[in-house]
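Quick look at upload_24.cif (mmCIF, C-alpha atoms):
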data_upload
#
loop_
_atom_site.label_atom_id
_atom_site.label_comp_id
_atom_site.auth_asym_id
_atom_site.auth_seq_id
_atom_site.Cartn_x
_atom_site.Cartn_y
_atom_site.Cartn_z
CA MET A 1 37.01 -10.78 -48.31
CA GLN A 2 38.78 -9.24 -45.32
CA PRO A 3 41.20 -6.31 -45.44
CA LYS A 4 44.93 -7.18 -45.47
CA GLY A 5 46.32 -7.95 -42.05
CA THR A 6 42.97 -8.82 -40.49
CA GLU A 7 42.86 -12.48 -41.47
CA GLY A 8 41.67 -14.66 -38.61
CA THR A 9 40.15 -11.78 -36.66
CA LEU A 10 36.47 -11.52 -35.97
CA LYS A 11 34.74 -8.17 -36.28
CA VAL A 12 32.30 -7.70 -33.39
CA PRO A 13 29.80 -4.84 -33.22
CA SER A 14 30.36 -2.48 -30.30
CA PHE A 15 27.68 -1.82 -27.70
CA ASN A 16 27.32 1.01 -25.26
CA PHE A 17 26.00 -0.17 -21.92
CA ILE A 18 24.46 2.12 -19.35
CA PHE A 19 24.92 0.79 -15.85
CA TYR A 20 22.83 1.95 -12.97
CA PHE A 21 22.48 0.66 -9.47
CA MET A 22 19.29 -0.89 -8.18
CA ILE A 23 17.91 1.09 -5.30
CA ASP A 24 17.46 -0.87 -2.09
CA LYS A 25 13.82 -1.02 -1.00
CA ASN A 26 14.92 -1.24 2.65
CA LYS A 27 16.85 2.03 2.34
CA VAL A 28 13.74 3.72 0.92
CA LYS A 29 11.64 2.30 3.75
CA GLU A 30 14.16 3.47 6.37
CA LEU A 31 14.22 6.98 4.88
CA ALA A 32 10.42 7.15 4.82
CA LEU A 33 10.20 5.97 8.43
CA GLU A 34 12.86 8.51 9.46
CA TRP A 35 10.81 11.34 7.91
CA LEU A 36 7.56 9.98 9.39
CA LYS A 37 9.01 9.77 12.91
CA ASP A 38 7.13 12.04 15.34
CA LYS A 39 4.43 12.69 12.74
CA GLU A 40 0.91 11.29 12.80
CA TYR A 41 1.45 9.79 9.36
CA PHE A 42 2.30 6.12 8.91
CA LEU A 43 3.95 4.13 6.16
CA VAL A 44 1.62 1.89 4.17
CA GLU A 45 4.04 0.59 1.56
CA ALA A 46 7.39 1.28 -0.06
CA THR A 47 8.30 -0.52 -3.30
CA VAL A 48 11.08 -0.38 -5.88
CA ASP A 49 10.52 -2.13 -9.20
CA ASN A 50 13.20 -3.48 -11.56
CA GLN A 51 13.30 -0.14 -13.42
CA ASN A 52 14.11 1.76 -10.19
CA LYS A 53 10.62 3.23 -9.92
CA ILE A 54 10.18 4.03 -6.24
CA THR A 55 6.63 4.19 -4.89
CA VAL A 56 5.96 5.28 -1.32
CA GLU A 57 2.44 5.26 0.13
CA ILE A 58 1.64 7.02 3.39
CA ASP A 59 -1.59 7.51 5.27
CA HIS A 60 -3.09 9.49 8.13
CA LYS A 61 -6.36 9.01 9.98
CA ASP A 62 -7.56 12.41 8.72
CA GLY A 63 -6.17 12.14 5.17
CA VAL A 64 -2.90 13.03 3.49
CA TRP A 65 -1.81 16.55 2.52
CA ILE A 66 -0.07 17.04 -0.84
CA GLU A 67 2.48 19.37 0.80
CA ASP A 68 3.57 16.54 3.10
CA CYS A 69 3.94 14.16 0.14
CA CYS A 70 6.16 16.77 -1.54
CA GLU A 71 8.29 17.15 1.62
CA LEU A 72 8.74 13.38 1.94
CA SER A 73 9.60 13.12 -1.76
CA LYS A 74 12.29 15.81 -1.42
CA PHE A 75 13.65 14.13 1.71
CA ILE A 76 14.02 10.77 -0.02
CA GLU A 77 15.45 12.31 -3.19
CA GLU A 78 18.14 14.15 -1.19
CA HIS A 79 19.53 10.79 -0.08
CA PHE A 80 20.15 9.43 -3.59
CA ASP A 81 22.53 10.56 -6.34
CA ARG A 82 20.84 10.75 -9.73
CA GLU A 83 24.27 10.46 -11.39
CA VAL A 84 24.67 7.00 -9.84
CA GLU A 85 21.11 5.80 -9.28
CA ASP A 86 18.71 6.60 -12.10
CA PHE A 87 15.24 6.49 -10.55
CA GLU A 88 11.66 7.68 -10.68
CA LEU A 89 10.00 8.63 -7.39
CA GLU A 90 6.30 8.76 -6.56
CA VAL A 91 5.03 9.62 -3.08
CA GLY A 92 1.33 9.67 -2.35
CA SER A 93 -1.53 8.57 -0.14
CA ALA A 94 -2.67 4.99 0.07
CA GLY A 95 -5.77 5.97 -1.86
CA ILE A 96 -9.41 6.24 -0.94
CA GLY A 97 -11.27 3.05 -1.64
CA GLN A 98 -8.11 0.94 -1.92
CA PRO A 99 -7.74 -2.27 0.10
CA PHE A 100 -6.09 -1.94 3.50
CA LYS A 101 -2.46 -3.06 3.65
CA VAL A 102 -1.37 -2.38 7.24
CA LEU A 103 -2.88 -2.75 10.73
CA GLN A 104 -3.10 0.99 11.34
CA GLN A 105 -5.54 1.32 8.42
CA TYR A 106 -7.80 -1.25 10.10
CA GLU A 107 -7.46 0.56 13.42
CA ASN A 108 -8.35 3.90 11.81
CA ALA A 109 -11.48 2.30 10.31
CA VAL A 110 -12.92 1.34 13.73
CA GLY A 111 -16.38 2.92 13.94
CA TYR A 112 -16.67 3.28 10.15
CA ASP A 113 -18.31 1.18 7.46
CA VAL A 114 -16.15 -1.24 5.49
CA GLU A 115 -16.59 -3.71 2.69
CA LEU A 116 -14.73 -6.99 2.62
CA LEU A 117 -14.29 -10.05 0.46
CA THR A 118 -13.69 -13.30 2.32
CA ALA A 119 -11.15 -15.86 1.15
CA GLU A 120 -14.15 -17.96 0.04
CA GLY A 121 -15.40 -15.13 -2.18
CA LYS A 122 -18.30 -13.82 -0.04
CA LYS A 123 -18.74 -10.02 -0.01
CA MET A 124 -19.90 -8.32 3.19
CA GLU A 125 -20.48 -4.82 4.46
CA GLY A 126 -20.52 -3.71 8.05
CA CYS A 127 -19.03 -1.47 10.70
CA MET A 128 -15.44 -2.11 11.81
CA LYS A 129 -15.75 -2.83 15.52
CA GLU A 130 -12.21 -3.81 16.48
CA ALA A 131 -8.77 -4.37 14.99
CA THR A 132 -5.91 -6.13 16.77
CA PRO A 133 -2.64 -7.55 15.44
CA GLU A 134 -4.28 -11.00 15.35
CA HIS A 135 -7.76 -10.30 13.94
CA PHE A 136 -10.48 -7.76 13.26
CA THR A 137 -14.21 -7.71 13.97
CA VAL A 138 -16.95 -6.30 11.75
CA THR A 139 -20.58 -5.87 12.83
CA VAL A 140 -22.86 -6.96 9.97
CA LEU A 141 -26.61 -7.19 9.52
CA GLU A 142 -27.79 -10.75 9.05
CA LYS A 143 -31.21 -12.37 8.69
CA GLN A 144 -31.88 -14.71 11.59
CA ARG A 145 -34.85 -16.54 12.98
CA VAL A 146 -35.88 -15.04 16.29
CA GLU A 147 -38.02 -16.95 18.75
CA GLY A 148 -41.60 -15.74 18.68
CA LYS A 149 -41.32 -14.26 15.15
CA LYS A 150 -42.74 -15.93 12.06
CA ARG A 151 -40.23 -14.38 9.65
CA PRO A 152 -36.48 -13.91 9.93
CA VAL A 153 -35.43 -10.45 11.09
CA MET A 154 -32.26 -8.42 10.51
CA VAL A 155 -29.94 -8.70 13.50
CA GLU A 156 -26.51 -7.18 14.16
CA VAL A 157 -23.89 -9.91 14.35
CA ASP A 158 -20.18 -9.56 15.09
CA LYS A 159 -17.96 -11.46 12.64
CA THR A 160 -14.31 -11.91 13.55
CA PHE A 161 -11.73 -12.59 10.86
CA GLY A 162 -8.04 -13.36 10.78
CA TYR A 163 -6.19 -11.24 8.22
CA ASP A 164 -5.60 -14.36 6.10
CA ASP A 165 -9.36 -15.08 6.10
CA VAL A 166 -10.06 -12.18 3.72
CA LYS A 167 -8.87 -11.22 0.25
CA TRP A 168 -9.36 -7.52 0.97
CA VAL A 169 -11.01 -4.95 3.23
CA LYS A 170 -11.63 -1.34 2.28
CA SER A 171 -13.51 1.68 3.55
CA ILE A 172 -16.92 2.45 2.14
CA ILE A 173 -16.96 6.01 0.91
CA ASP A 174 -20.15 7.86 1.84
CA PHE A 175 -20.64 11.23 0.16
CA ASP A 176 -23.80 12.08 2.12
#
Rendering of file as structure tokens:
Amino acid sequence: MQPKGTEGTLKVPSFNFIFYFMIDKNKVKELALEWLKDKEYFLVEATVDNQNKITVEIDHKDGVWIEDCCELSKFIEEHFDREVEDFELEVGSAGIGQPFKVLQQYENAVGYDVELLTAEGKKMEGCMKEATPEHFTVTVLEKQRVEGKKRPVMVEVDKTFGYDDVKWVKSIIDFD
């Protein structure tokens, strides 16, 4: 039974909606690149998920300082209004032992040992010899038959890969 005078009306529950604006990944990337300009750091990745969690990864050939991550975080945060854009911000290094994501990481690894997994699923270790925008070369040890020897011997061989030929490449961490 409905109260008098409300016949034919439908009672609908009320909802409170909280609207927030999605943060543009390109704006975050531009801000990070602006801060990184004239610094030896480089941008590895900038992402924004559907909950407005911003993640910015930077790197440097000699490692990343926490103070610089804090400065970059403050710089990015200054360019957004928390009253309009509700967000979470995380700025950090690309991470030791994580797969490379950008060319500069490959270039910084030249002369150092790396591990890689080919697209066919074969794992290899070797020394990064070269990295160009088109490909990279790793010197690996491989058993080969050598003329005049009865048994195969370990020989250094250069293997060149296109970036699409591997699933991942990462630095080998040596604590010695």
| field | Result set, the PyMOL selection byres ((chain A and resi 76) around 9) on current file, as a ChimeraX atom specification | value | /A:28,31-32,35,71-75,77-80,89
| query | For this file, the PyMOL selection byres ((chain A and resi 111) around 8) selects which residues, as a ChimeraX atom specification? | reply | /A:109-110,112-113,127-129
Box for segment 38-50 of chain A - axis-aligned, 8 Å on each of the six sides, all listed atoms - centre and size in Å to one decimal, as AutoDock Vina command-line options.
--center_x 7.1 --center_y 4.6 --center_z 1.9 --size_x 28.3 --size_y 32.2 --size_z 42.9
| task | Rank nothing, just name the residue among A:Asp86, A:Val91, A:Glu67, A:Glu40 nearest to Thr55 of chain A, using all atoms listed in the file. | result |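 Of the candidates, the smallest distance to Thr55 of chain A is held by A:Val91.
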| So which residues get picked by the PyMOL selection byres ((chain A and resi 50) around 12) here, written as a list in words? | Tyr20, Phe21, Met22, Ile23, Asp24, Lys25, Thr47, Val48, Asp49, Gln51, Asn52, Lys53, Ile54, Asp86, Phe87 and Glu88 of chain A
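For the set A:Lys167, A:His60, A:Lys39, A:Lys159, the residue with the smallest atom-to-atom gap to Ala131 of chain A is A:Lys159, counting all atoms listed in the file.
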| message | I need the residue nearest Tyr106 of chain A from this list: A:Glu125, A:Glu45, A:Glu85, A:Glu130. Use all atoms listed in the file for the distance. | response |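 Smallest distance to Tyr106 of chain A is found for A:Glu130.
In this model, the gap between atom CA of Ile173 of chain A and atom CA of Lys122 of chain A comes to 19.9 Å.
Counting from atom CA of Ile96 of chain A, the distance to atom CA of Cys69 of chain A is 15.6 Å.
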| request: Would you mind telling me which residue in A:Ile172, A:Tyr41, A:Glu83, A:Asp158 lies nearest to Phe136 of chain A when using all atoms listed in the file? | output: A:Asp158
| request: For Thr118 of chain A, work out the shell of residues within 12 Å, counting all atoms listed in the file and skipping chain neighbours fewer than 6 positions away, then give it as a list in words. | output: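 Here the qualifying residues turn out to be Met124, Glu125, Lys159, Thr160, Phe161, Gly162, Tyr163, Asp164, Asp165, Val166, Lys167, Trp168 and Val169 of chain A.
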Store the residues picked out above in a file with C-alpha atoms, as a PDB file, in the coordinates of the input.
ATOM      1  CA  MET A 124     -19.900  -8.320   3.190  1.00  0.00           C
ATOM      2  CA  GLU A 125     -20.480  -4.820   4.460  1.00  0.00           C
ATOM      3  CA  LYS A 159     -17.960 -11.460  12.640  1.00  0.00           C
ATOM      4  CA  THR A 160     -14.310 -11.910  13.550  1.00  0.00           C
ATOM      5  CA  PHE A 161     -11.730 -12.590  10.860  1.00  0.00           C
ATOM      6  CA  GLY A 162      -8.040 -13.360  10.780  1.00  0.00           C
ATOM      7  CA  TYR A 163      -6.190 -11.240   8.220  1.00  0.00           C
ATOM      8  CA  ASP A 164      -5.600 -14.360   6.100  1.00  0.00           C
ATOM      9  CA  ASP A 165      -9.360 -15.080   6.100  1.00  0.00           C
ATOM     10  CA  VAL A 166     -10.060 -12.180   3.720  1.00  0.00           C
ATOM     11  CA  LYS A 167      -8.870 -11.220   0.250  1.00  0.00           C
ATOM     12  CA  TRP A 168      -9.360  -7.520   0.970  1.00  0.00           C
ATOM     13  CA  VAL A 169     -11.010  -4.950   3.230  1.00  0.00           C
TER      14      VAL A 169
END
| query | What lies within 10 Å of Gly95 of chain A using all atoms listed in the file, ignoring chain neighbours under 6 positions off, as a list in words? | reply | Glu57, Ile58, Asp59, Gly63 and Val64 of chain A
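For the pair atom CA of Met154 of chain A and atom CA of Glu142 of chain A, the interatomic distance is 5.2 Å.
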| Using only C-alpha atoms, which of the listed residues (A:Leu116, A:Cys70, A:Val138, A:Val102) sits closest to Val44 of chain A? |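 The shortest atom-to-atom distance to Val44 of chain A comes from A:Val102.
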| task | Between A:Ala46, A:Glu107, A:Gly92, A:Lys150, single out the one closest to Lys27 of chain A, counting only C-alpha atoms. | result |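 Under the stated criterion, the closest residue is A:Ala46.
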